[in-house]
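As structure tokens, the structure follows; a few thoughts come after it.
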Amino acid sequence: MAKTPSPCIDVCKFKREGHCIGCSMTKTQKTMFKQLKKDKHRAAFVEMVVTQQKMLGQYKHWVPQYLRKCLKKKAKPVQAVRDAA
């Protein structure tokens, strides 16, 4: 099974108080994700991003894009993403 992919959906515009309008991550969070090597840490990070999106609102577009990314990379999406779908 492939590693959990980054929550980034390649929009990368930080217009919501430092949060990306595509995935809700900050620049610091994007850097942190790249440093995660263990899949359980990557999965936990994606779950944190899903929670962050719920708190910030206006991220309904992210779930279908991220599911498409997981399918393309042959990775199983974390439960929080499947629940949000």
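As shown in the structure tokens, the chain order sets the letters A, B, ...; within each chain, residues go from 1, and ligands are also counted from 1 in the order they appear.
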
Next on the checklist: Neighbouring residues of Cys70 (chain A) were defined as those with any atom within 10 Å, considering only C-alpha atoms; residues of the same chain fewer than 2 positions away were excluded. Please report them as a PyMOL selection string.
Outcome noted: chain A and resi 2-7+64-68+72-78

Next on the checklist: Need to verify the contact set: Lys60 (chain A), 10 Å, only C-alpha atoms, exclusion of same-chain residues closer than 5 positions in sequence. Can you return it as a list in words?
Outcome noted: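 After dropping sequence-adjacent residues, the list is Gly22, Cys23, Gln53, Lys54, Gln65, Ala84 and Ala85 of chain A.
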
Output of the above residues as a JSON list (two decimals), in the first residue's frame, restricted to N, CA, C and O atoms:
```
[["chain", "number", "residue", "atom", "x", "y", "z"],
["A", 22, "GLY", "N", -6.93, 25.99, -0.72],
["A", 22, "GLY", "CA", -7.16, 24.65, -1.27],
["A", 22, "GLY", "C", -7.27, 23.56, -0.22],
["A", 22, "GLY", "O", -8.17, 22.73, -0.25],
["A", 23, "CYS", "N", -6.35, 23.58, 0.77],
["A", 23, "CYS", "CA", -6.28, 22.47, 1.71],
["A", 23, "CYS", "C", -6.35, 22.89, 3.18],
["A", 23, "CYS", "O", -6.45, 22.03, 4.04],
["A", 53, "GLN", "N", -10.06, 21.90, 8.85],
["A", 53, "GLN", "CA", -10.97, 22.37, 7.81],
["A", 53, "GLN", "C", -12.38, 22.55, 8.35],
["A", 53, "GLN", "O", -13.07, 23.51, 7.99],
["A", 54, "LYS", "N", -12.82, 21.64, 9.20],
["A", 54, "LYS", "CA", -14.15, 21.76, 9.80],
["A", 54, "LYS", "C", -14.25, 23.02, 10.64],
["A", 54, "LYS", "O", -15.27, 23.71, 10.62],
["A", 65, "GLN", "N", -11.32, 16.17, -4.22],
["A", 65, "GLN", "CA", -9.99, 16.32, -4.83],
["A", 65, "GLN", "C", -8.98, 15.40, -4.15],
["A", 65, "GLN", "O", -8.15, 14.78, -4.82],
["A", 84, "ALA", "N", -15.85, 12.23, 5.88],
["A", 84, "ALA", "CA", -16.22, 13.54, 5.38],
["A", 84, "ALA", "C", -16.84, 13.48, 3.99],
["A", 84, "ALA", "O", -17.51, 14.40, 3.57],
["A", 85, "ALA", "N", -16.61, 12.38, 3.27],
["A", 85, "ALA", "CA", -17.11, 12.24, 1.91],
["A", 85, "ALA", "C", -18.60, 12.09, 1.82],
["A", 85, "ALA", "O", -19.35, 11.81, 2.58]]
```

Looking only at helix (DSSP H, G or I) from DSSP on the backbone, list the matching residues of region 7-75 of chain A as a PDB file with N, CA and C atoms, in the first residue's frame.
```pdb
ATOM      1  N   LYS A  27       1.902  27.450   5.550  1.00  0.00           N
ATOM      2  CA  LYS A  27       3.200  27.118   4.952  1.00  0.00           C
ATOM      3  C   LYS A  27       4.027  26.255   5.902  1.00  0.00           C
ATOM      4  N   THR A  28       3.957  26.545   7.187  1.00  0.00           N
ATOM      5  CA  THR A  28       4.684  25.763   8.181  1.00  0.00           C
ATOM      6  C   THR A  28       4.183  24.323   8.212  1.00  0.00           C
ATOM      7  N   GLN A  29       2.861  24.138   8.157  1.00  0.00           N
ATOM      8  CA  GLN A  29       2.296  22.789   8.161  1.00  0.00           C
ATOM      9  C   GLN A  29       2.714  22.017   6.917  1.00  0.00           C
ATOM     10  N   LYS A  30       2.766  22.683   5.774  1.00  0.00           N
ATOM     11  CA  LYS A  30       3.200  22.004   4.547  1.00  0.00           C
ATOM     12  C   LYS A  30       4.634  21.505   4.693  1.00  0.00           C
ATOM     13  N   THR A  31       5.481  22.313   5.288  1.00  0.00           N
ATOM     14  CA  THR A  31       6.872  21.921   5.526  1.00  0.00           C
ATOM     15  C   THR A  31       6.933  20.750   6.505  1.00  0.00           C
ATOM     16  N   MET A  32       6.123  20.815   7.551  1.00  0.00           N
ATOM     17  CA  MET A  32       6.105  19.744   8.554  1.00  0.00           C
ATOM     18  C   MET A  32       5.694  18.416   7.920  1.00  0.00           C
ATOM     19  N   PHE A  33       4.677  18.430   7.061  1.00  0.00           N
ATOM     20  CA  PHE A  33       4.212  17.184   6.460  1.00  0.00           C
ATOM     21  C   PHE A  33       5.321  16.521   5.646  1.00  0.00           C
ATOM     22  N   LYS A  34       6.094  17.315   4.935  1.00  0.00           N
ATOM     23  CA  LYS A  34       7.179  16.766   4.121  1.00  0.00           C
ATOM     24  C   LYS A  34       8.223  16.038   4.957  1.00  0.00           C
ATOM     25  N   GLN A  35       8.334  16.395   6.224  1.00  0.00           N
ATOM     26  CA  GLN A  35       9.325  15.786   7.109  1.00  0.00           C
ATOM     27  C   GLN A  35       8.829  14.484   7.747  1.00  0.00           C
ATOM     28  N   ASP A  39       4.096   6.321   8.063  1.00  0.00           N
ATOM     29  CA  ASP A  39       2.752   6.501   7.526  1.00  0.00           C
ATOM     30  C   ASP A  39       1.724   6.805   8.609  1.00  0.00           C
ATOM     31  N   LYS A  40       1.911   6.261   9.813  1.00  0.00           N
ATOM     32  CA  LYS A  40       0.940   6.540  10.878  1.00  0.00           C
ATOM     33  C   LYS A  40       0.983   8.023  11.259  1.00  0.00           C
ATOM     34  N   HIS A  41       2.152   8.643  11.162  1.00  0.00           N
ATOM     35  CA  HIS A  41       2.263  10.080  11.442  1.00  0.00           C
ATOM     36  C   HIS A  41       1.628  10.897  10.314  1.00  0.00           C
ATOM     37  N   ARG A  42       1.823  10.451   9.079  1.00  0.00           N
ATOM     38  CA  ARG A  42       1.226  11.134   7.935  1.00  0.00           C
ATOM     39  C   ARG A  42      -0.306  11.049   8.004  1.00  0.00           C
ATOM     40  N   ALA A  43      -0.821   9.877   8.366  1.00  0.00           N
ATOM     41  CA  ALA A  43      -2.274   9.693   8.476  1.00  0.00           C
ATOM     42  C   ALA A  43      -2.848  10.571   9.589  1.00  0.00           C
ATOM     43  N   ALA A  44      -2.160  10.630  10.716  1.00  0.00           N
ATOM     44  CA  ALA A  44      -2.613  11.474  11.827  1.00  0.00           C
ATOM     45  C   ALA A  44      -2.609  12.945  11.417  1.00  0.00           C
ATOM     46  N   PHE A  45      -1.634  13.346  10.630  1.00  0.00           N
ATOM     47  CA  PHE A  45      -1.556  14.724  10.161  1.00  0.00           C
ATOM     48  C   PHE A  45      -2.744  15.044   9.259  1.00  0.00           C
ATOM     49  N   VAL A  46      -3.093  14.125   8.361  1.00  0.00           N
ATOM     50  CA  VAL A  46      -4.245  14.339   7.479  1.00  0.00           C
ATOM     51  C   VAL A  46      -5.524  14.450   8.309  1.00  0.00           C
ATOM     52  N   GLU A  47      -5.659  13.633   9.342  1.00  0.00           N
ATOM     53  CA  GLU A  47      -6.825  13.732  10.221  1.00  0.00           C
ATOM     54  C   GLU A  47      -6.878  15.094  10.900  1.00  0.00           C
ATOM     55  N   MET A  48      -5.724  15.611  11.306  1.00  0.00           N
ATOM     56  CA  MET A  48      -5.671  16.939  11.915  1.00  0.00           C
ATOM     57  C   MET A  48      -6.116  18.000  10.904  1.00  0.00           C
ATOM     58  N   VAL A  49      -5.704  17.857   9.653  1.00  0.00           N
ATOM     59  CA  VAL A  49      -6.090  18.817   8.618  1.00  0.00           C
ATOM     60  C   VAL A  49      -7.603  18.790   8.397  1.00  0.00           C
ATOM     61  N   VAL A  50      -8.200  17.606   8.404  1.00  0.00           N
ATOM     62  CA  VAL A  50      -9.654  17.495   8.238  1.00  0.00           C
ATOM     63  C   VAL A  50     -10.373  18.213   9.381  1.00  0.00           C
ATOM     64  N   THR A  51      -9.883  18.034  10.597  1.00  0.00           N
ATOM     65  CA  THR A  51     -10.462  18.726  11.751  1.00  0.00           C
ATOM     66  C   THR A  51     -10.292  20.238  11.605  1.00  0.00           C
ATOM     67  N   GLN A  52      -9.123  20.649  11.171  1.00  0.00           N
ATOM     68  CA  GLN A  52      -8.857  22.075  10.961  1.00  0.00           C
ATOM     69  C   GLN A  52      -9.805  22.658   9.911  1.00  0.00           C
ATOM     70  N   GLN A  53     -10.057  21.902   8.851  1.00  0.00           N
ATOM     71  CA  GLN A  53     -10.967  22.372   7.808  1.00  0.00           C
ATOM     72  C   GLN A  53     -12.381  22.549   8.348  1.00  0.00           C
ATOM     73  N   LYS A  54     -12.818  21.638   9.198  1.00  0.00           N
ATOM     74  CA  LYS A  54     -14.148  21.760   9.798  1.00  0.00           C
ATOM     75  C   LYS A  54     -14.247  23.025  10.639  1.00  0.00           C
ATOM     76  N   MET A  55     -13.197  23.343  11.371  1.00  0.00           N
ATOM     77  CA  MET A  55     -13.197  24.541  12.220  1.00  0.00           C
ATOM     78  C   MET A  55     -13.167  25.818  11.386  1.00  0.00           C
ATOM     79  N   LEU A  56     -12.405  25.811  10.296  1.00  0.00           N
ATOM     80  CA  LEU A  56     -12.284  26.999   9.458  1.00  0.00           C
ATOM     81  C   LEU A  56     -13.481  27.177   8.523  1.00  0.00           C
ATOM     82  N   TRP A  62     -12.378  20.179  -0.986  1.00  0.00           N
ATOM     83  CA  TRP A  62     -11.139  19.448  -0.752  1.00  0.00           C
ATOM     84  C   TRP A  62     -11.318  17.937  -0.782  1.00  0.00           C
ATOM     85  N   VAL A  63     -12.381  17.434  -0.180  1.00  0.00           N
ATOM     86  CA  VAL A  63     -12.558  15.979  -0.040  1.00  0.00           C
ATOM     87  C   VAL A  63     -12.553  15.260  -1.393  1.00  0.00           C
ATOM     88  N   PRO A  64     -13.388  15.671  -2.368  1.00  0.00           N
ATOM     89  CA  PRO A  64     -13.342  14.941  -3.649  1.00  0.00           C
ATOM     90  C   PRO A  64     -11.981  15.036  -4.349  1.00  0.00           C
ATOM     91  N   GLN A  65     -11.317  16.170  -4.216  1.00  0.00           N
ATOM     92  CA  GLN A  65      -9.995  16.321  -4.832  1.00  0.00           C
ATOM     93  C   GLN A  65      -8.977  15.397  -4.154  1.00  0.00           C
ATOM     94  N   TYR A  66      -9.044  15.335  -2.826  1.00  0.00           N
ATOM     95  CA  TYR A  66      -8.091  14.487  -2.102  1.00  0.00           C
ATOM     96  C   TYR A  66      -8.366  13.006  -2.370  1.00  0.00           C
ATOM     97  N   LEU A  67      -9.622  12.619  -2.445  1.00  0.00           N
ATOM     98  CA  LEU A  67      -9.957  11.226  -2.761  1.00  0.00           C
ATOM     99  C   LEU A  67      -9.437  10.849  -4.147  1.00  0.00           C
ATOM    100  N   ARG A  68      -9.545  11.758  -5.095  1.00  0.00           N
ATOM    101  CA  ARG A  68      -9.025  11.532  -6.443  1.00  0.00           C
ATOM    102  C   ARG A  68      -7.501  11.361  -6.399  1.00  0.00           C
ATOM    103  N   LYS A  69      -6.837  12.174  -5.576  1.00  0.00           N
ATOM    104  CA  LYS A  69      -5.384  12.081  -5.426  1.00  0.00           C
ATOM    105  C   LYS A  69      -4.993  10.728  -4.834  1.00  0.00           C
ATOM    106  N   CYS A  70      -5.728  10.274  -3.827  1.00  0.00           N
ATOM    107  CA  CYS A  70      -5.452   8.968  -3.205  1.00  0.00           C
ATOM    108  C   CYS A  70      -5.635   7.843  -4.217  1.00  0.00           C
ATOM    109  N   LEU A  71      -6.685   7.924  -5.006  1.00  0.00           N
ATOM    110  CA  LEU A  71      -6.949   6.901  -6.014  1.00  0.00           C
ATOM    111  C   LEU A  71      -5.815   6.854  -7.041  1.00  0.00           C
ATOM    112  N   LYS A  72      -5.374   8.017  -7.487  1.00  0.00           N
ATOM    113  CA  LYS A  72      -4.298   8.102  -8.462  1.00  0.00           C
ATOM    114  C   LYS A  72      -2.996   7.510  -7.911  1.00  0.00           C
TER     115      LYS A  72
END
```

Spatial neighbours of Glu17 (chain A), 12 Å, only C-alpha atoms, chain gap at least 3 places, as a PDB file with C-alpha atoms, in the first residue's frame:
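The new file part_39.pdb reads:
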```
ATOM      1  CA  LYS A  13      -2.850  30.324  -2.234  1.00  0.00           C
ATOM      2  CA  PHE A  14      -2.565  31.524   1.349  1.00  0.00           C
ATOM      3  CA  CYS A  20      -4.246  27.772   1.943  1.00  0.00           C
ATOM      4  CA  ILE A  21      -7.617  28.149   0.211  1.00  0.00           C
ATOM      5  CA  SER A  24      -6.306  24.760   4.815  1.00  0.00           C
ATOM      6  CA  MET A  25      -2.642  24.118   5.672  1.00  0.00           C
ATOM      7  CA  THR A  26      -0.248  26.916   6.536  1.00  0.00           C
ATOM      8  CA  LYS A  27       3.200  27.118   4.952  1.00  0.00           C
ATOM      9  CA  LEU A  56     -12.284  26.999   9.458  1.00  0.00           C
TER      10      LEU A  56
END
```
